[in-house]
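Enquirer: Here you go, protein.cif (mmCIF, C-alpha atoms):
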```cif
data_start
loop_
_atom_site.group_PDB
_atom_site.id
_atom_site.type_symbol
_atom_site.label_atom_id
_atom_site.label_comp_id
_atom_site.auth_asym_id
_atom_site.auth_seq_id
_atom_site.Cartn_x
_atom_site.Cartn_y
_atom_site.Cartn_z
ATOM 1 C CA MET A 1 -6.173 4.836 -30.501
ATOM 2 C CA LYS A 2 -5.518 2.770 -27.388
ATOM 3 C CA ALA A 3 -6.761 4.746 -24.387
ATOM 4 C CA LEU A 4 -6.639 3.925 -20.679
ATOM 5 C CA LEU A 5 -8.201 5.584 -17.655
ATOM 6 C CA LEU A 6 -6.458 4.014 -14.661
ATOM 7 C CA GLY A 7 -7.224 4.754 -11.033
ATOM 8 C CA VAL A 8 -4.869 3.610 -8.278
ATOM 9 C CA ASP A 9 -6.516 4.222 -4.914
ATOM 10 C CA GLY A 10 -4.215 5.701 -2.262
ATOM 11 C CA LEU A 11 -1.415 6.769 -4.622
ATOM 12 C CA SER A 12 0.045 9.958 -3.201
ATOM 13 C CA TYR A 13 2.527 12.639 -4.195
ATOM 14 C CA SER A 14 3.738 12.641 -0.569
ATOM 15 C CA SER A 15 5.411 9.249 -1.066
ATOM 16 C CA PHE A 16 6.948 9.930 -4.482
ATOM 17 C CA MET A 17 10.166 11.355 -3.058
ATOM 18 C CA LYS A 18 10.366 8.902 -0.185
ATOM 19 C CA CYS A 19 9.966 5.754 -2.285
ATOM 20 C CA ASN A 20 11.504 7.065 -5.530
ATOM 21 C CA PRO A 21 9.419 5.025 -7.997
ATOM 22 C CA ARG A 22 11.477 5.637 -11.127
ATOM 23 C CA PHE A 23 8.881 5.262 -13.833
ATOM 24 C CA LEU A 24 6.291 7.302 -11.918
ATOM 25 C CA LEU A 25 8.841 10.076 -11.520
ATOM 26 C CA THR A 26 9.502 9.955 -15.288
ATOM 27 C CA LEU A 27 5.754 10.217 -15.915
ATOM 28 C CA PHE A 28 5.580 13.119 -13.482
ATOM 29 C CA SER A 29 8.113 15.073 -15.505
ATOM 30 C CA SER A 30 6.800 14.137 -18.969
ATOM 31 C CA THR A 31 2.985 14.372 -18.711
ATOM 32 C CA PHE A 32 0.360 16.918 -17.742
ATOM 33 C CA ARG A 33 -0.151 16.774 -14.003
ATOM 34 C CA GLY A 34 -2.450 18.046 -11.336
ATOM 35 C CA VAL A 35 -3.767 17.514 -7.829
ATOM 36 C CA VAL A 36 -7.089 15.716 -7.324
ATOM 37 C CA VAL A 37 -9.106 17.109 -4.428
ATOM 38 C CA ASN A 38 -11.591 14.851 -2.635
ATOM 39 C CA ARG A 39 -12.644 15.568 0.930
ATOM 40 C CA ARG A 40 -14.391 13.136 3.250
ATOM 41 C CA PRO A 41 -16.293 10.929 2.989
ATOM 42 C CA GLN A 42 -13.773 9.208 0.727
ATOM 43 C CA HIS A 43 -15.154 5.714 0.295
ATOM 44 C CA PRO A 44 -13.800 4.079 -2.892
ATOM 45 C CA ALA A 45 -17.323 3.543 -4.261
ATOM 46 C CA SER A 46 -18.479 7.159 -3.871
ATOM 47 C CA SER A 47 -15.171 8.451 -5.235
ATOM 48 C CA TRP A 48 -15.202 6.209 -8.288
ATOM 49 C CA MET A 49 -18.902 6.726 -9.001
ATOM 50 C CA SER A 50 -18.268 10.489 -9.009
ATOM 51 C CA VAL A 51 -15.761 9.898 -11.820
ATOM 52 C CA LEU A 52 -17.943 7.397 -13.693
ATOM 53 C CA GLU A 53 -21.156 9.442 -13.471
ATOM 54 C CA MET A 54 -19.310 12.754 -14.026
ATOM 55 C CA LYS A 55 -21.132 14.269 -11.049
ATOM 56 C CA GLU A 56 -20.786 13.983 -7.277
ATOM 57 C CA VAL A 57 -22.294 10.706 -6.045
ATOM 58 C CA PRO A 58 -22.520 10.434 -2.243
ATOM 59 C CA LEU A 59 -22.303 6.793 -1.119
ATOM 60 C CA SER A 60 -21.344 5.368 2.273
ATOM 61 C CA GLY A 61 -20.371 1.949 0.933
ATOM 62 C CA PHE A 62 -20.315 -0.348 -2.076
ATOM 63 C CA THR A 63 -23.389 -0.346 -4.276
ATOM 64 C CA THR A 64 -25.194 -2.710 -6.648
ATOM 65 C CA ILE A 65 -24.714 -1.911 -10.335
ATOM 66 C CA SER A 66 -27.771 -2.638 -12.484
ATOM 67 C CA VAL A 67 -26.959 -0.331 -15.421
ATOM 68 C CA LYS A 68 -23.614 0.628 -16.913
ATOM 69 C CA PRO A 69 -22.145 3.788 -15.369
ATOM 70 C CA SER A 70 -22.485 6.787 -17.709
ATOM 71 C CA LEU A 71 -18.797 7.068 -18.616
ATOM 72 C CA VAL A 72 -18.557 3.359 -19.474
ATOM 73 C CA GLN A 73 -21.685 3.587 -21.606
ATOM 74 C CA GLU A 74 -20.871 6.851 -23.405
ATOM 75 C CA THR A 75 -17.291 5.900 -24.276
ATOM 76 C CA GLY A 76 -17.948 2.228 -25.012
ATOM 77 C CA SER A 77 -15.177 1.429 -22.538
ATOM 78 C CA ILE A 78 -14.295 -1.949 -21.107
ATOM 79 C CA PRO A 79 -14.455 -1.757 -17.288
ATOM 80 C CA ILE A 80 -11.921 -3.713 -15.241
ATOM 81 C CA ASN A 81 -11.958 -4.158 -11.455
ATOM 82 C CA LEU A 82 -13.751 -0.911 -10.581
ATOM 83 C CA PRO A 83 -14.291 -0.675 -6.784
ATOM 84 C CA ILE A 84 -17.891 0.518 -6.885
ATOM 85 C CA SER A 85 -19.329 -2.853 -5.909
ATOM 86 C CA ASN A 86 -17.999 -5.903 -4.084
ATOM 87 C CA PRO A 87 -16.958 -8.012 -5.947
ATOM 88 C CA THR A 88 -15.595 -5.205 -8.092
ATOM 89 C CA TYR A 89 -17.299 -4.182 -11.332
ATOM 90 C CA GLY A 90 -16.054 -5.140 -14.771
ATOM 91 C CA GLU A 91 -14.656 -7.820 -17.055
ATOM 92 C CA ILE A 92 -12.192 -8.578 -14.268
ATOM 93 C CA SER A 93 -14.213 -8.763 -11.044
ATOM 94 C CA LEU A 94 -12.426 -9.444 -7.747
ATOM 95 C CA LYS A 95 -13.431 -9.647 -4.104
ATOM 96 C CA TYR A 96 -12.398 -6.305 -2.591
ATOM 97 C CA GLY A 97 -9.350 -6.541 -0.344
ATOM 98 C CA GLU A 98 -8.969 -10.326 -0.549
ATOM 99 C CA LEU A 99 -6.067 -10.578 -3.005
ATOM 100 C CA THR A 100 -2.539 -9.379 -2.406
ATOM 101 C CA LEU A 101 -1.567 -6.203 -4.249
ATOM 102 C CA GLN A 102 0.673 -8.191 -6.610
ATOM 103 C CA GLU A 103 -2.085 -10.701 -7.400
ATOM 104 C CA GLU A 104 -4.492 -7.867 -8.175
ATOM 105 C CA ILE A 105 -1.902 -6.050 -10.304
ATOM 106 C CA ASN A 106 -1.210 -9.227 -12.302
ATOM 107 C CA LYS A 107 -4.907 -9.817 -13.049
ATOM 108 C CA VAL A 108 -5.661 -6.176 -13.843
ATOM 109 C CA THR A 109 -2.581 -5.756 -16.058
ATOM 110 C CA GLU A 110 -3.442 -8.905 -18.004
ATOM 111 C CA GLY A 111 -7.055 -7.739 -18.357
ATOM 112 C CA ILE A 112 -6.037 -4.305 -19.642
ATOM 113 C CA LEU A 113 -3.480 -5.585 -22.131
ATOM 114 C CA SER A 114 -5.921 -8.139 -23.566
ATOM 115 C CA SER A 115 -8.712 -5.521 -23.893
ATOM 116 C CA LEU A 116 -6.966 -2.506 -25.447
ATOM 117 C CA ASP A 117 -7.536 -3.723 -29.017
ATOM 118 C CA ASP A 118 -11.289 -3.903 -28.358
ATOM 119 C CA GLY A 119 -11.827 -0.331 -27.128
ATOM 120 C CA PRO A 120 -10.978 2.180 -24.415
ATOM 121 C CA VAL A 121 -10.348 0.698 -20.960
ATOM 122 C CA ILE A 122 -11.293 2.032 -17.518
ATOM 123 C CA ALA A 123 -9.496 0.096 -14.786
ATOM 124 C CA GLY A 124 -8.935 0.272 -11.058
ATOM 125 C CA VAL A 125 -6.342 -0.969 -8.580
ATOM 126 C CA SER A 126 -7.450 -0.988 -4.944
ATOM 127 C CA GLY A 127 -4.707 -3.105 -3.400
ATOM 128 C CA LEU A 128 -2.304 -0.245 -2.651
ATOM 129 C CA ASP A 129 -4.914 1.513 -0.528
ATOM 130 C CA VAL A 130 -5.917 -1.742 1.199
ATOM 131 C CA LEU A 131 -2.279 -2.615 1.937
ATOM 132 C CA LEU A 132 -1.508 0.838 3.364
ATOM 133 C CA HIS A 133 -4.631 0.740 5.562
ATOM 134 C CA ARG A 134 -3.246 -2.512 6.983
ATOM 135 C CA GLY A 135 0.245 -1.126 7.571
ATOM 136 C CA GLY A 136 2.054 -2.908 4.725
ATOM 137 C CA ASP A 137 5.441 -1.995 3.236
ATOM 138 C CA LYS A 138 4.810 1.267 1.374
ATOM 139 C CA CYS A 139 7.894 1.455 -0.844
ATOM 140 C CA GLN A 140 7.667 -2.204 -1.853
ATOM 141 C CA ALA A 141 4.045 -1.534 -2.842
ATOM 142 C CA TYR A 142 5.024 1.569 -4.835
ATOM 143 C CA SER A 143 7.639 -0.508 -6.647
ATOM 144 C CA ALA A 144 4.960 -3.031 -7.694
ATOM 145 C CA VAL A 145 2.695 -0.222 -8.959
ATOM 146 C CA ASP A 146 5.652 1.360 -10.765
ATOM 147 C CA THR A 147 6.444 -1.876 -12.628
ATOM 148 C CA MET A 148 2.783 -2.205 -13.638
ATOM 149 C CA LEU A 149 2.682 1.356 -14.965
ATOM 150 C CA ARG A 150 5.799 0.845 -17.082
ATOM 151 C CA LYS A 151 4.144 -2.123 -18.843
ATOM 152 C CA LEU A 152 0.842 -0.322 -19.361
ATOM 153 C CA VAL A 153 2.128 3.070 -20.499
ATOM 154 C CA ASN A 154 4.196 1.420 -23.201
ATOM 155 C CA ALA A 155 1.037 -0.287 -24.515
ATOM 156 C CA VAL A 156 -1.257 2.747 -24.808
ATOM 157 C CA ASP A 157 -1.478 5.914 -26.913
ATOM 158 C CA GLU A 158 -3.431 7.987 -24.389
ATOM 159 C CA LEU A 159 -3.440 7.726 -20.604
ATOM 160 C CA ILE A 160 -5.088 9.319 -17.608
ATOM 161 C CA LEU A 161 -3.653 8.042 -14.321
ATOM 162 C CA PHE A 162 -5.310 9.267 -11.141
ATOM 163 C CA SER A 163 -5.882 8.464 -7.517
ATOM 164 C CA PRO A 164 -9.290 9.488 -6.138
ATOM 165 C CA PHE A 165 -7.709 10.287 -2.764
ATOM 166 C CA GLY A 166 -4.279 10.197 -1.155
ATOM 167 C CA GLU A 167 -2.807 7.817 1.395
ATOM 168 C CA PRO A 168 -4.832 6.422 4.294
ATOM 169 C CA LYS A 169 -4.562 8.367 7.540
ATOM 170 C CA SER A 170 -6.026 5.560 9.687
ATOM 171 C CA GLY A 171 -7.534 2.084 9.443
ATOM 172 C CA ASN A 172 -10.902 3.606 8.481
ATOM 173 C CA GLU A 173 -11.443 3.070 4.731
ATOM 174 C CA GLU A 174 -13.025 6.544 4.406
ATOM 175 C CA ASP A 175 -10.083 8.365 6.020
ATOM 176 C CA HIS A 176 -7.386 9.529 3.576
ATOM 177 C CA GLU A 177 -5.336 12.541 2.599
ATOM 178 C CA ASP A 178 -7.619 14.960 0.720
ATOM 179 C CA TYR A 179 -5.324 15.111 -2.295
ATOM 180 C CA GLY A 180 -4.733 12.483 -4.961
ATOM 181 C CA ILE A 181 -2.720 12.576 -8.169
ATOM 182 C CA TYR A 182 -3.502 13.326 -11.806
ATOM 183 C CA LEU A 183 -0.982 12.459 -14.522
ATOM 184 C CA GLY A 184 -1.977 12.214 -18.152
ATOM 185 C CA THR A 185 -1.466 12.842 -21.824
ATOM 186 C CA VAL A 186 -4.654 14.919 -21.666
ATOM 187 C CA GLN A 187 -4.263 18.601 -20.845
ATOM 188 C CA ARG A 188 -6.816 20.112 -18.491
ATOM 189 C CA PRO A 189 -8.522 23.422 -19.381
ATOM 190 C CA ALA A 190 -7.581 25.091 -16.072
ATOM 191 C CA GLU A 191 -4.167 23.550 -15.571
ATOM 192 C CA HIS A 192 -3.366 25.283 -12.284
ATOM 193 C CA ASP A 193 -6.667 24.479 -10.551
ATOM 194 C CA THR A 194 -7.203 21.354 -8.482
ATOM 195 C CA VAL A 195 -8.941 18.479 -10.270
ATOM 196 C CA LYS A 196 -12.434 17.457 -9.159
ATOM 197 C CA LEU A 197 -13.465 13.812 -9.539
ATOM 198 C CA PRO A 198 -16.257 14.447 -12.111
ATOM 199 C CA GLU A 199 -13.753 16.409 -14.218
ATOM 200 C CA ILE A 200 -11.631 13.260 -14.635
ATOM 201 C CA GLY A 201 -14.607 11.512 -16.193
ATOM 202 C CA TYR A 202 -15.303 14.456 -18.503
ATOM 203 C CA LEU A 203 -11.662 14.575 -19.630
ATOM 204 C CA PHE A 204 -11.730 10.896 -20.582
ATOM 205 C CA LEU A 205 -15.086 11.333 -22.346
ATOM 206 C CA LYS A 206 -13.691 14.265 -24.334
ATOM 207 C CA LEU A 207 -10.582 12.271 -25.206
ATOM 208 C CA ILE A 208 -12.613 9.368 -26.602
ATOM 209 C CA LYS A 209 -15.418 11.327 -28.256
ATOM 210 C CA GLY A 210 -13.184 14.141 -29.551
#
```
Would you write the structure of this file as structure tokens?
Expert:
Amino acid sequence: MKALLLGVDGLSYSSFMKCNPRFLLTLFSSTFRGVVVNRRPQHPASSWMSVLEMKEVPLSGFTTISVKPSLVQETGSIPINLPISNPTYGEISLKYGELTLQEEINKVTEGILSSLDDGPVIAGVSGLDVLLHRGGDKCQAYSAVDTMLRKLVNAVDELILFSPFGEPKSGNEEDHEDYGIYLGTVQRPAEHDTVKLPEIGYLFLKLIKG
């Protein structure tokens, strides 16, 4: 089974209709879906660590990783570009915010596709959030993410796609919409409730461990 947990920071339902990303809209209608709730502070590191440790982890900035996060360890997953440290954590490790979105997507996509035969993959894309904080072209960015998702979804058997928070509301990297997205082949126990960050980690753990 080829399984992928993919987080795309800043991806938001509010821009789906505006930008009309075709593959994302297909996923929306063909997978289990939900709304991720994550109120401030919404730093990428605290948000991602709450997924990876399967419990709330309050952080005000990037951290130093000395031991594998629990979810990586328990699932035997290959981490790629996880924005919990700077440079990011994983087999692909990039300086946060220094590459263009397309450069990051290319490296992360290549890393995922070359790792899927070796085990489950947990990967992150931060460039959308960074670009939107800096006032970049939103729909062009959504198109790049959409193209990436088409390639990746066709290569995996099981997928959880999420954003730990919605779009930026200002230049402050902790200031976002409170609601992110959840789309996946994995059904949640309480389908109509909002999704908490630790729950995403538990769902992926359950998927891998059975």
Enquirer: List the residues matched by the PyMOL selection byres ((chain A and resi 20-29) around 10) in the displayed structure as a PyMOL selection string, ordered by chain and then by residue number.
Expert: chain A and resi 13+15-19+30-34+139-150+153+161+181-185
Enquirer: List every protein, DNA or RNA residue that has at least one atom no more than 6 Å from (-6.5, 3.9, -4.9) in the file's coordinates, counting all atoms listed in the file, and write the result as number ranges by chain.
Expert: A: 8-11, 126, 129, 163
Enquirer: Calculate how many Å separate CA of Met1 (chain A) from CA of Gly111 (chain A), rounding to one decimal.
Expert: 17.5 Å
Enquirer: Put a box with edges along x, y and z around all the listed atoms of region 36-45 of chain A, pad it by 3 Å on each side, then give me its centre and sizes in Å, one decimal, as lines of an AutoDock Vina configuration file.
Expert:
```
center_x = -12.2
center_y = 10.3
center_z = -2.0
size_x = 16.2
size_y = 19.6
size_z = 16.6
```
Enquirer: Could you check which of A:Ile105, A:Lys138, A:Leu203, A:Phe165 is closest to Val125 (chain A), using all atoms listed in the file?
Expert: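 Between A:Ile105, A:Lys138, A:Leu203, A:Phe165, the residue approaching Val125 (chain A) most closely is A:Ile105.
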Enquirer: Give the answer as one residue: which of A:Gly7, A:Gly90, A:Pro120, A:Pro41 has the shortest atom-to-atom distance to Ser60 (chain A), using all atoms listed in the file?
Expert: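 Looking at the shortest contact to Ser60 (chain A), the residue is A:Pro41.
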Enquirer: If you measure from CA of Gly76 (chain A) to CA of Ala45 (chain A), what distance in Å do you get, rounded to one decimal?
Expert: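 Value for the CA of Gly76 (chain A)-CA of Ala45 (chain A) distance: 20.8 Å.
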Enquirer: Just so the selection is clear, what residues does the PyMOL selection byres ((chain A and resi 91) around 9) cover here, as a PyMOL selection string?
Expert: chain A and resi 78-81+89-90+92-93+111
Enquirer: Next, the residues of the selection above should be written as a short mmCIF file (atom, residue, chain, number, x, y, z; two decimals), in the frame of the given file with C-alpha atoms.
Expert:
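The resulting file, part.cif, is shown below:
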```cif
data_model
loop_
_atom_site.label_atom_id
_atom_site.label_comp_id
_atom_site.auth_asym_id
_atom_site.auth_seq_id
_atom_site.Cartn_x
_atom_site.Cartn_y
_atom_site.Cartn_z
CA ILE A 78 -14.30 -1.95 -21.11
CA PRO A 79 -14.46 -1.76 -17.29
CA ILE A 80 -11.92 -3.71 -15.24
CA ASN A 81 -11.96 -4.16 -11.46
CA TYR A 89 -17.30 -4.18 -11.33
CA GLY A 90 -16.05 -5.14 -14.77
CA ILE A 92 -12.19 -8.58 -14.27
CA SER A 93 -14.21 -8.76 -11.04
CA GLY A 111 -7.06 -7.74 -18.36
#
```
Enquirer: Which protein, DNA or RNA residues have an atom at most 10 Å from (-17.8, 8.8, -11.7), counting all atoms listed in the file? List them as an NGL selection string.
Expert: :A and (45-57 or 69-72 or 84 or 197-202)
Enquirer: Decode the PyMOL selection byres ((chain A and resi 207) around 10) for the given file into explicit residues and return them as an MDAnalysis selection string.
Expert: chainID A and resid 3 75 158:160 185:187 201:206 208:210
Enquirer: Got time to write the residues from that selection, C-alpha atoms, as a tab-separated table (two decimals), in the frame of the given file?
Expert:
```
chain	number	residue	atom	x	y	z
A	3	ALA	CA	-6.76	4.75	-24.39
A	75	THR	CA	-17.29	5.90	-24.28
A	158	GLU	CA	-3.43	7.99	-24.39
A	159	LEU	CA	-3.44	7.73	-20.60
A	160	ILE	CA	-5.09	9.32	-17.61
A	185	THR	CA	-1.47	12.84	-21.82
A	186	VAL	CA	-4.65	14.92	-21.67
A	187	GLN	CA	-4.26	18.60	-20.84
A	201	GLY	CA	-14.61	11.51	-16.19
A	202	TYR	CA	-15.30	14.46	-18.50
A	203	LEU	CA	-11.66	14.58	-19.63
A	204	PHE	CA	-11.73	10.90	-20.58
A	205	LEU	CA	-15.09	11.33	-22.35
A	206	LYS	CA	-13.69	14.26	-24.33
A	208	ILE	CA	-12.61	9.37	-26.60
A	209	LYS	CA	-15.42	11.33	-28.26
A	210	GLY	CA	-13.18	14.14	-29.55
```
